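Here's query.cif, which has mmCIF, C-alpha atoms and all ligand atoms:
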```cif
data_entry
#
loop_
_atom_site.label_atom_id
_atom_site.label_comp_id
_atom_site.auth_asym_id
_atom_site.auth_seq_id
_atom_site.Cartn_x
_atom_site.Cartn_y
_atom_site.Cartn_z
CA MET A 165 3.45 -33.57 34.70
CA LYS A 166 3.04 -32.54 31.08
CA HIS A 167 5.42 -29.66 31.54
CA LYS A 168 8.05 -31.92 33.04
CA PHE A 169 7.74 -34.38 30.16
CA LEU A 170 8.23 -31.62 27.60
CA THR A 171 11.27 -30.34 29.42
CA ILE A 172 12.88 -33.76 29.46
CA THR A 173 12.08 -34.28 25.77
CA ALA A 174 13.54 -30.91 24.88
CA LEU A 175 16.68 -31.67 26.84
CA PHE A 176 17.01 -35.05 25.15
CA SER A 177 16.64 -33.45 21.71
CA LEU A 178 19.24 -30.90 22.58
CA LEU A 179 21.66 -33.64 23.66
CA LEU A 180 21.01 -35.57 20.48
CA ALA A 181 21.57 -32.48 18.38
CA SER A 182 24.77 -31.55 20.10
CA CYS A 183 26.10 -35.10 19.86
CA SER A 184 25.29 -35.56 16.21
CA ASP A 185 26.60 -32.31 14.81
CA PRO A 186 27.94 -29.48 16.92
CA GLU A 187 28.09 -27.22 13.87
CA THR A 188 24.34 -27.38 13.24
CA PRO A 189 22.60 -24.21 14.41
CA ASP A 190 19.57 -24.66 16.64
CA GLN A 191 17.21 -23.30 14.03
CA THR A 192 17.44 -22.90 10.31
CA ILE A 193 15.09 -20.59 8.43
CA ASP A 194 14.18 -22.06 5.08
CA GLU A 195 12.83 -19.21 2.98
CA THR A 196 11.72 -21.50 0.19
CA THR A 197 9.18 -23.34 2.33
CA SER A 198 7.76 -20.38 4.21
CA ASP A 199 4.13 -20.83 3.14
CA VAL A 200 2.11 -19.02 5.73
CA ASP A 201 -1.60 -19.18 6.53
CA ILE A 202 -2.67 -15.54 6.59
CA SER A 203 -6.26 -16.03 7.82
CA ALA A 204 -5.70 -15.07 11.46
CA VAL A 205 -3.89 -11.86 10.56
CA VAL A 206 -6.36 -10.89 7.82
CA SER A 207 -9.24 -11.46 10.25
CA SER A 208 -7.71 -9.19 12.87
CA VAL A 209 -6.22 -6.27 10.91
CA TYR A 210 -8.98 -5.06 8.60
CA ASN A 211 -11.03 -2.12 9.82
CA LEU A 212 -14.44 -3.68 10.37
CA ASN A 213 -15.63 -0.35 11.78
CA ASN A 214 -15.17 1.15 8.33
CA GLY A 215 -17.54 -1.29 6.64
CA VAL A 216 -14.99 -3.97 5.81
CA THR A 217 -15.99 -7.63 6.10
CA VAL A 218 -13.70 -10.66 6.19
CA SER A 219 -14.92 -14.25 5.65
CA VAL A 220 -12.39 -17.02 6.05
CA GLY A 221 -12.95 -20.25 4.12
CA SER A 222 -10.73 -23.30 3.88
CA ASP A 223 -8.92 -22.15 0.75
CA VAL A 224 -9.93 -18.55 0.19
CA ILE A 225 -10.62 -15.47 2.26
CA VAL A 226 -13.20 -13.01 0.98
CA VAL A 227 -12.65 -9.38 1.92
CA THR A 228 -15.21 -6.72 1.05
CA GLY A 229 -14.97 -2.96 1.40
CA THR A 230 -16.90 0.18 0.57
CA GLY A 231 -14.06 2.16 -0.96
CA LEU A 232 -14.58 5.12 1.37
CA PRO A 233 -11.58 6.07 3.53
CA ASP A 234 -11.44 6.44 7.31
CA HIS A 235 -9.28 9.55 7.12
CA LYS A 236 -9.51 13.12 5.95
CA THR A 237 -9.43 14.09 2.28
CA PRO A 238 -10.66 17.06 0.23
CA TYR A 239 -12.77 14.58 -1.73
CA TRP A 240 -15.28 14.34 1.11
CA ASP A 241 -16.51 17.80 0.23
CA ILE A 242 -14.83 19.46 -2.75
CA GLU A 243 -17.80 21.78 -3.22
CA ASN A 244 -18.50 23.29 0.19
CA LYS A 245 -15.43 22.29 2.22
CA VAL A 246 -17.49 21.92 5.41
CA HIS A 247 -17.63 18.14 5.87
CA GLU A 248 -16.05 17.15 9.22
CA MET A 249 -13.59 14.93 7.36
CA TYR A 250 -12.64 17.62 4.86
CA GLU A 251 -9.05 18.79 4.66
CA PRO A 252 -7.44 20.87 1.91
CA PHE A 253 -5.35 19.47 -0.91
CA PRO A 254 -1.64 19.27 -0.17
CA SER A 255 0.62 21.90 -1.63
CA PHE A 256 3.99 20.98 -3.02
CA TYR A 257 7.02 23.12 -3.45
CA ILE A 258 9.05 22.65 -6.58
CA THR A 259 12.69 22.21 -5.77
CA ASN A 260 13.94 21.95 -9.34
CA ASP A 261 12.50 21.37 -12.78
CA ILE A 262 10.69 18.19 -11.86
CA TYR A 263 7.33 19.39 -13.02
CA THR A 264 7.99 19.35 -16.70
CA SER A 265 6.49 17.12 -19.35
CA ASP A 266 7.38 16.17 -22.90
CA ASP A 267 3.70 16.01 -23.69
CA ASP A 268 2.37 19.36 -25.05
CA MET A 269 -1.05 19.06 -23.48
CA GLU A 270 0.40 18.04 -20.13
CA SER A 271 2.84 20.94 -20.26
CA THR A 272 0.00 23.40 -20.76
CA ILE A 273 -1.93 21.95 -17.84
CA LEU A 274 1.20 22.01 -15.71
CA GLU A 275 1.82 25.69 -16.39
CA GLY A 276 -1.66 26.36 -15.02
CA LEU A 277 -0.83 24.48 -11.82
CA LYS A 278 2.37 26.36 -11.09
CA SER A 279 2.49 29.49 -9.02
CA THR A 280 4.80 31.35 -6.65
CA ASP A 281 4.29 31.77 -2.94
CA SER A 282 4.99 34.95 -0.94
CA ASN A 283 8.60 33.91 -0.42
CA GLY A 284 9.21 33.41 -4.11
CA ASN A 285 9.17 29.62 -3.99
CA SER A 286 7.68 27.77 -6.93
CA ILE A 287 4.67 25.82 -5.85
CA ILE A 288 2.41 23.35 -7.62
CA THR A 289 -1.28 23.43 -6.84
CA TYR A 290 -2.98 20.13 -6.22
CA GLU A 291 -6.64 20.11 -7.16
CA ASN A 292 -9.35 17.81 -8.36
CA ASN A 293 -9.87 17.13 -12.04
CA MET A 294 -13.38 16.38 -13.27
CA ASN A 295 -13.47 13.38 -10.92
CA SER A 296 -14.38 15.18 -7.76
CA GLU A 297 -16.59 12.85 -5.77
CA MET A 298 -16.27 9.62 -3.84
CA THR A 299 -19.09 7.12 -3.70
CA VAL A 300 -19.59 3.74 -2.07
CA VAL A 301 -18.42 0.90 -4.30
CA ASP A 302 -19.04 -2.73 -3.38
CA TYR A 303 -15.55 -4.16 -3.56
CA ARG A 304 -14.99 -7.88 -3.19
CA MET A 305 -11.58 -9.52 -3.20
CA GLU A 306 -10.82 -13.23 -2.94
CA ILE A 307 -7.37 -14.12 -1.69
CA PRO A 308 -5.80 -17.49 -0.90
CA THR A 309 -5.57 -18.45 2.78
CA THR A 310 -2.02 -19.62 2.11
CA PRO A 311 -0.42 -17.51 -0.62
CA VAL A 312 2.38 -19.14 -2.59
CA GLU A 313 4.83 -17.89 -5.16
CA ALA A 314 3.57 -18.28 -8.73
CA THR A 315 5.72 -19.94 -11.37
CA ASN A 316 4.58 -17.49 -14.03
CA LYS A 317 4.18 -14.10 -12.48
CA GLU A 318 1.25 -12.08 -13.75
CA GLU A 319 1.50 -8.31 -14.27
CA THR A 320 -0.88 -6.19 -12.24
CA ASP A 321 -3.61 -4.57 -14.31
CA LEU A 322 -5.77 -1.46 -14.09
CA GLY A 323 -8.34 -1.33 -11.33
CA ILE A 324 -8.21 -2.98 -7.94
CA ILE A 325 -4.99 -4.90 -7.26
CA GLY A 326 -5.51 -5.06 -3.51
CA LEU A 327 -7.56 -3.71 -0.61
CA ALA A 328 -6.15 -1.42 2.06
CA LEU A 329 -7.10 -2.15 5.67
CA ASN A 330 -9.86 0.47 5.50
CA GLY A 331 -11.52 -1.14 2.45
CA VAL A 332 -10.19 1.33 -0.12
CA PRO A 333 -8.68 -0.29 -3.23
CA ILE A 334 -4.98 -0.13 -4.04
CA TYR A 335 -4.04 0.64 -7.65
CA ASN A 336 -0.72 0.24 -9.42
CA ASN A 337 1.46 2.87 -11.12
CA TYR A 338 -0.87 3.32 -14.09
CA GLU A 339 -3.59 5.90 -14.60
CA GLY A 340 -5.82 4.84 -17.45
CA ARG A 341 -3.52 3.27 -20.02
CA SER A 342 -0.52 5.47 -19.26
CA VAL A 343 1.97 5.31 -16.49
CA LEU A 344 1.29 7.84 -13.70
CA GLY A 345 2.34 11.34 -14.66
CA ILE A 346 2.60 14.64 -12.84
CA VAL A 347 -0.82 15.90 -13.98
CA ALA A 348 -2.59 12.81 -12.62
CA MET A 349 -0.58 13.01 -9.41
CA ALA A 350 -1.56 16.66 -8.95
CA THR A 351 -5.08 15.37 -8.25
CA PHE A 352 -3.87 13.25 -5.31
CA ASP A 353 -4.97 14.14 -1.84
CA ALA A 354 -2.34 14.04 0.89
CA ALA A 355 -2.94 10.29 1.28
CA GLY A 356 -1.79 9.60 -2.28
CA ALA A 357 -5.31 8.85 -3.53
CA HIS A 358 -8.01 10.25 -5.80
CA PRO A 359 -11.33 9.16 -7.27
CA GLY A 360 -11.55 7.70 -10.76
CA PRO A 361 -14.22 8.42 -13.40
CA GLY A 362 -16.67 6.23 -11.46
CA SER A 363 -16.14 8.29 -8.28
CA ASP A 364 -14.12 5.28 -7.14
CA TYR A 365 -11.55 6.50 -4.62
CA HIS A 366 -8.24 4.59 -4.68
CA TYR A 367 -4.61 4.73 -3.53
CA HIS A 368 -1.66 4.88 -5.89
CA ALA A 369 1.15 6.16 -3.72
CA ALA A 370 2.46 6.52 -0.22
CA ALA A 371 1.62 9.81 1.41
CA GLN A 372 4.48 12.21 1.84
CA LEU A 373 4.03 14.45 4.82
CA GLY A 374 5.74 17.77 4.71
CA PHE A 375 3.53 18.82 1.86
CA ASP A 376 1.46 20.99 4.05
CA SER A 377 1.25 21.08 7.82
CA THR A 378 -2.51 21.52 7.71
CA ASN A 379 -2.94 17.96 6.50
CA ASP A 380 -3.57 15.38 9.18
CA GLY A 381 -1.66 12.26 8.23
CA SER A 382 -2.37 10.27 11.35
CA LEU A 383 -4.81 7.92 9.66
CA TYR A 384 -3.35 7.69 6.17
CA PRO A 385 -2.38 4.09 5.38
CA THR A 386 1.31 4.97 5.32
CA ILE A 387 3.65 7.95 5.29
CA ASN A 388 7.26 7.00 5.87
CA ASP A 389 6.90 4.00 8.15
CA SER A 390 6.49 0.24 8.35
CA ASN A 391 2.69 0.24 8.53
CA LEU A 392 0.77 -2.68 7.11
CA ILE A 393 -1.21 -1.08 4.26
CA GLY A 394 -3.30 -4.07 3.21
CA PHE A 395 -3.15 -7.22 1.12
CA LEU A 396 -2.81 -7.58 -2.63
CA ARG A 397 -4.96 -9.98 -4.62
CA ASP A 398 -2.34 -12.73 -4.39
CA GLY A 399 -2.70 -12.74 -0.60
CA PHE A 400 0.68 -11.22 0.17
CA PRO A 401 0.74 -8.21 2.51
CA VAL A 402 2.01 -4.78 1.49
CA TYR A 403 3.82 -2.48 3.92
CA GLY A 404 5.13 1.08 3.94
CA ARG A 405 8.64 1.88 2.82
CA GLN A 406 10.31 0.59 5.98
CA ASP A 407 10.76 -2.74 7.67
CA ALA A 408 9.79 -2.94 11.34
CA ASP A 409 13.38 -2.16 12.39
CA GLY A 410 13.26 1.15 10.51
CA SER A 411 15.48 0.03 7.64
CA TYR A 412 14.64 0.37 3.93
CA PRO A 413 14.99 -3.15 2.55
CA ASP A 414 16.37 -4.19 -0.82
CA LEU A 415 13.46 -5.39 -2.90
CA ASP A 416 13.11 -7.76 -5.84
CA GLU A 417 11.79 -6.63 -9.25
CA ASN A 418 8.21 -6.90 -7.98
CA GLY A 419 8.78 -4.73 -4.95
CA GLY A 420 8.96 -7.40 -2.27
CA HIS A 421 11.18 -9.68 -0.25
CA THR A 422 10.87 -12.46 2.32
CA GLY A 423 11.37 -11.66 5.96
CA VAL A 424 9.85 -11.18 9.36
CA THR A 425 7.21 -8.48 9.81
CA ALA A 426 5.32 -7.16 12.83
CA ASP A 427 2.35 -9.32 11.81
CA PHE A 428 4.19 -12.44 10.62
CA SER A 429 6.87 -13.37 13.13
CA GLU A 430 7.74 -16.54 11.19
CA GLY A 431 8.55 -14.52 8.08
CA ILE A 432 6.56 -14.16 4.88
CA TYR A 433 7.02 -12.74 1.40
CA HIS A 434 5.71 -9.17 1.52
CA TYR A 435 5.67 -6.09 -0.65
CA HIS A 436 6.82 -2.63 0.33
CA CYS A 437 6.03 0.76 -1.16
CA SER A 438 8.81 1.65 -3.54
CA ASN A 439 11.57 3.60 -1.84
CA GLU A 440 12.14 5.58 -5.03
CA ASN A 441 10.98 9.19 -5.05
CA TYR A 442 8.81 8.76 -8.13
CA LEU A 443 9.71 11.31 -10.84
CA ASP A 444 11.16 13.38 -7.97
CA SER A 445 7.53 14.12 -7.18
CA GLY A 446 7.70 13.39 -3.46
CA TRP A 447 5.40 10.38 -3.92
CA TYR A 448 6.30 6.73 -3.47
CA VAL A 449 4.36 4.31 -5.67
CA ILE A 450 2.78 1.51 -3.65
CA LYS A 451 3.05 -1.24 -6.26
CA SER A 452 4.37 -1.71 -9.76
CA GLY A 453 5.46 -4.82 -11.61
CA ALA A 454 3.96 -8.28 -11.29
CA TYR A 455 2.24 -10.21 -8.52
CA HIS A 456 4.56 -12.54 -6.62
CA GLY A 457 1.74 -15.06 -6.21
CA THR A 458 -1.37 -15.89 -8.20
CA PRO A 459 -3.98 -13.15 -7.90
CA GLY A 460 -7.46 -14.10 -6.80
CA THR A 461 -10.54 -12.47 -8.29
CA ALA A 462 -11.60 -8.96 -7.39
CA SER A 463 -14.58 -6.90 -8.39
CA GLY A 464 -16.16 -3.58 -7.66
CA SER A 465 -19.27 -1.93 -9.01
ZN ZN B 1 -6.06 6.69 -10.25
ZN ZN B 2 10.16 -6.11 4.52
#
```

Output the file's structure as structure tokens, nothing else.
Ligand SMILES: [Zn+2]
Ligand SMILES: [Zn+2]
Amino acid sequence: MKHKFLTITALFSLLLASCSDPETPDQTIDETTSDVDISAVVSSVYNLNNGVTVSVGSDVIVVTGTGLPDHKTPYWDIENKVHEMYEPFPSFYITNDIYTSDDDMESTILEGLKSTDSNGNSIITYENNMNSEMTVVDYRMEIPTTPVEATNKEETDLGIIGLALNGVPIYNNYEGRSVLGIVAMATFDAAGAHPGPGSDYHYHAAAQLGFDSTNDGSLYPTINDSNLIGFLRDGFPVYGRQDADGSYPDLDENGGHTGVTADFSEGIYHYHCSNENYLDSGWYVIKSGAYHGTPGTASGS
């Protein structure tokens, strides 16, 4: 009976709509009122098997993580290279003069990282700096259940700006107080991450496979795809470089746009990794610029 009632109501509405204005499309998508409750998605996508916890409240969701990845990296075992999750650093072939620096000290370091392979190709060696270990960090991020665009958009700062689905923090395009440079990036593992001075492992960039076939990219947060990477502190999701249809979308100045994603069929504002080959380095920065929404608190110690 209920089904029949609904059918009749729907038919009646349709008749009304077609009588009143034949030009009106059946559905209009209003991008300015697309506030979306993210709790169900956040609860289902984080990797609880990797020590992540998600607690949904009425206004805020608390996500905690350990900061240790669920994929291979040399940082599991720099010293002995025998850990089951160990894989070597990526190697990167220099195609032109991209690995140059105006900074004298950086230039000297860079010269030490350059070498030539057996075929005469210039190659840059990725290796750890003095930060060579990863430890558990108790990360805690509070995000709004229904993220909304902020009137005054706040720049992202150093430290945790979001949490990837595996509980590893996402950082912006700064390393210390300077913008990411080649020397810092030469300490990235193939997932675009490295530990900081506190042995705090974190992502800066999208992985770029093709570095080295020995690296197993299957579990990196993103390579060149539309994977959901995680959520930033303002509650908006961040994806790989592509939209679900395989296209590379045009992004606003904060690296996002509003549209449908695999997780939010109604559409939501979401960030993407930059589609710019950063400094021709082969890396794609995950996030620069300001938050679209208002960032919640985050801590890690
Ligand atoms: Zn860093
Ligand atoms: Zn998109």

Could you list, as a PyMOL selection string, all protein and nucleic acid residues with an atom at most 10 Å from ligand ZN 2 (chain B), counting only C-alpha atoms and all ligand atoms? chain A and resi 390+401-415+419-426+431-437

Go through the chains and note each residue within 8 Å of ligand ZN 1 (chain B), using all atoms listed in the file, then give the set as an NGL selection string. :A and (335 or 338-340 or 348 or 357-360 or 365-368)

With all atoms listed in the file as the counted atoms, please give the residues lying no more than 12 Å from range 241-254 of chain A, apart from itself and same-chain residues fewer than 4 positions off, as number ranges by chain. A: 232-237, 287-299, 349-359, 371-381, 383, 446-447

Selection to disk with C-alpha atoms, as a short mmCIF file (atom, residue, chain, number, x, y, z; two decimals), keeping the file's coordinate frame:
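For reference, result-v1.cif as written:
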```cif
data_model
loop_
_atom_site.label_atom_id
_atom_site.label_comp_id
_atom_site.auth_asym_id
_atom_site.auth_seq_id
_atom_site.Cartn_x
_atom_site.Cartn_y
_atom_site.Cartn_z
CA LEU A 232 -14.58 5.12 1.37
CA PRO A 233 -11.58 6.07 3.53
CA ASP A 234 -11.44 6.44 7.31
CA HIS A 235 -9.28 9.55 7.12
CA LYS A 236 -9.51 13.12 5.95
CA THR A 237 -9.43 14.09 2.28
CA ILE A 287 4.67 25.82 -5.85
CA ILE A 288 2.41 23.35 -7.62
CA THR A 289 -1.28 23.43 -6.84
CA TYR A 290 -2.98 20.13 -6.22
CA GLU A 291 -6.64 20.11 -7.16
CA ASN A 292 -9.35 17.81 -8.36
CA ASN A 293 -9.87 17.13 -12.04
CA MET A 294 -13.38 16.38 -13.27
CA ASN A 295 -13.47 13.38 -10.92
CA SER A 296 -14.38 15.18 -7.76
CA GLU A 297 -16.59 12.85 -5.77
CA MET A 298 -16.27 9.62 -3.84
CA THR A 299 -19.09 7.12 -3.70
CA MET A 349 -0.58 13.01 -9.41
CA ALA A 350 -1.56 16.66 -8.95
CA THR A 351 -5.08 15.37 -8.25
CA PHE A 352 -3.87 13.25 -5.31
CA ASP A 353 -4.97 14.14 -1.84
CA ALA A 354 -2.34 14.04 0.89
CA ALA A 355 -2.94 10.29 1.28
CA GLY A 356 -1.79 9.60 -2.28
CA ALA A 357 -5.31 8.85 -3.53
CA HIS A 358 -8.01 10.25 -5.80
CA PRO A 359 -11.33 9.16 -7.27
CA ALA A 371 1.62 9.81 1.41
CA GLN A 372 4.48 12.21 1.84
CA LEU A 373 4.03 14.45 4.82
CA GLY A 374 5.74 17.77 4.71
CA PHE A 375 3.53 18.82 1.86
CA ASP A 376 1.46 20.99 4.05
CA SER A 377 1.25 21.08 7.82
CA THR A 378 -2.51 21.52 7.71
CA ASN A 379 -2.94 17.96 6.50
CA ASP A 380 -3.57 15.38 9.18
CA GLY A 381 -1.66 12.26 8.23
CA LEU A 383 -4.81 7.92 9.66
CA GLY A 446 7.70 13.39 -3.46
CA TRP A 447 5.40 10.38 -3.92
#
```

Any idea what's packed within 6 Å of Pro333 in chain A, counting only C-alpha atoms, ignoring anything in its chain fewer than 2 positions away? Could you give it as a ChimeraX atom specification? /A:324,326-328,366

Quick one: residues within 8 Å of Val224 in chain A, only C-alpha atoms counted, chain neighbours fewer than 5 positions away excluded, as an NGL selection string? :A and (306-309)

Between CA of Thr458 in chain A and CA of Ile225 in chain A, what distance in Å does the model show, to one decimal?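 Taking CA of Thr458 in chain A and CA of Ile225 in chain A, their separation equals 14.0 Å.
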
Measure the distance from CA of Tyr455 in chain A to CA of Ile393 in chain A in Å and round it to one decimal. 16.1 Å

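Put simply, CA of Ser203 in chain A is 6.5 Å away from CA of Val220 in chain A.
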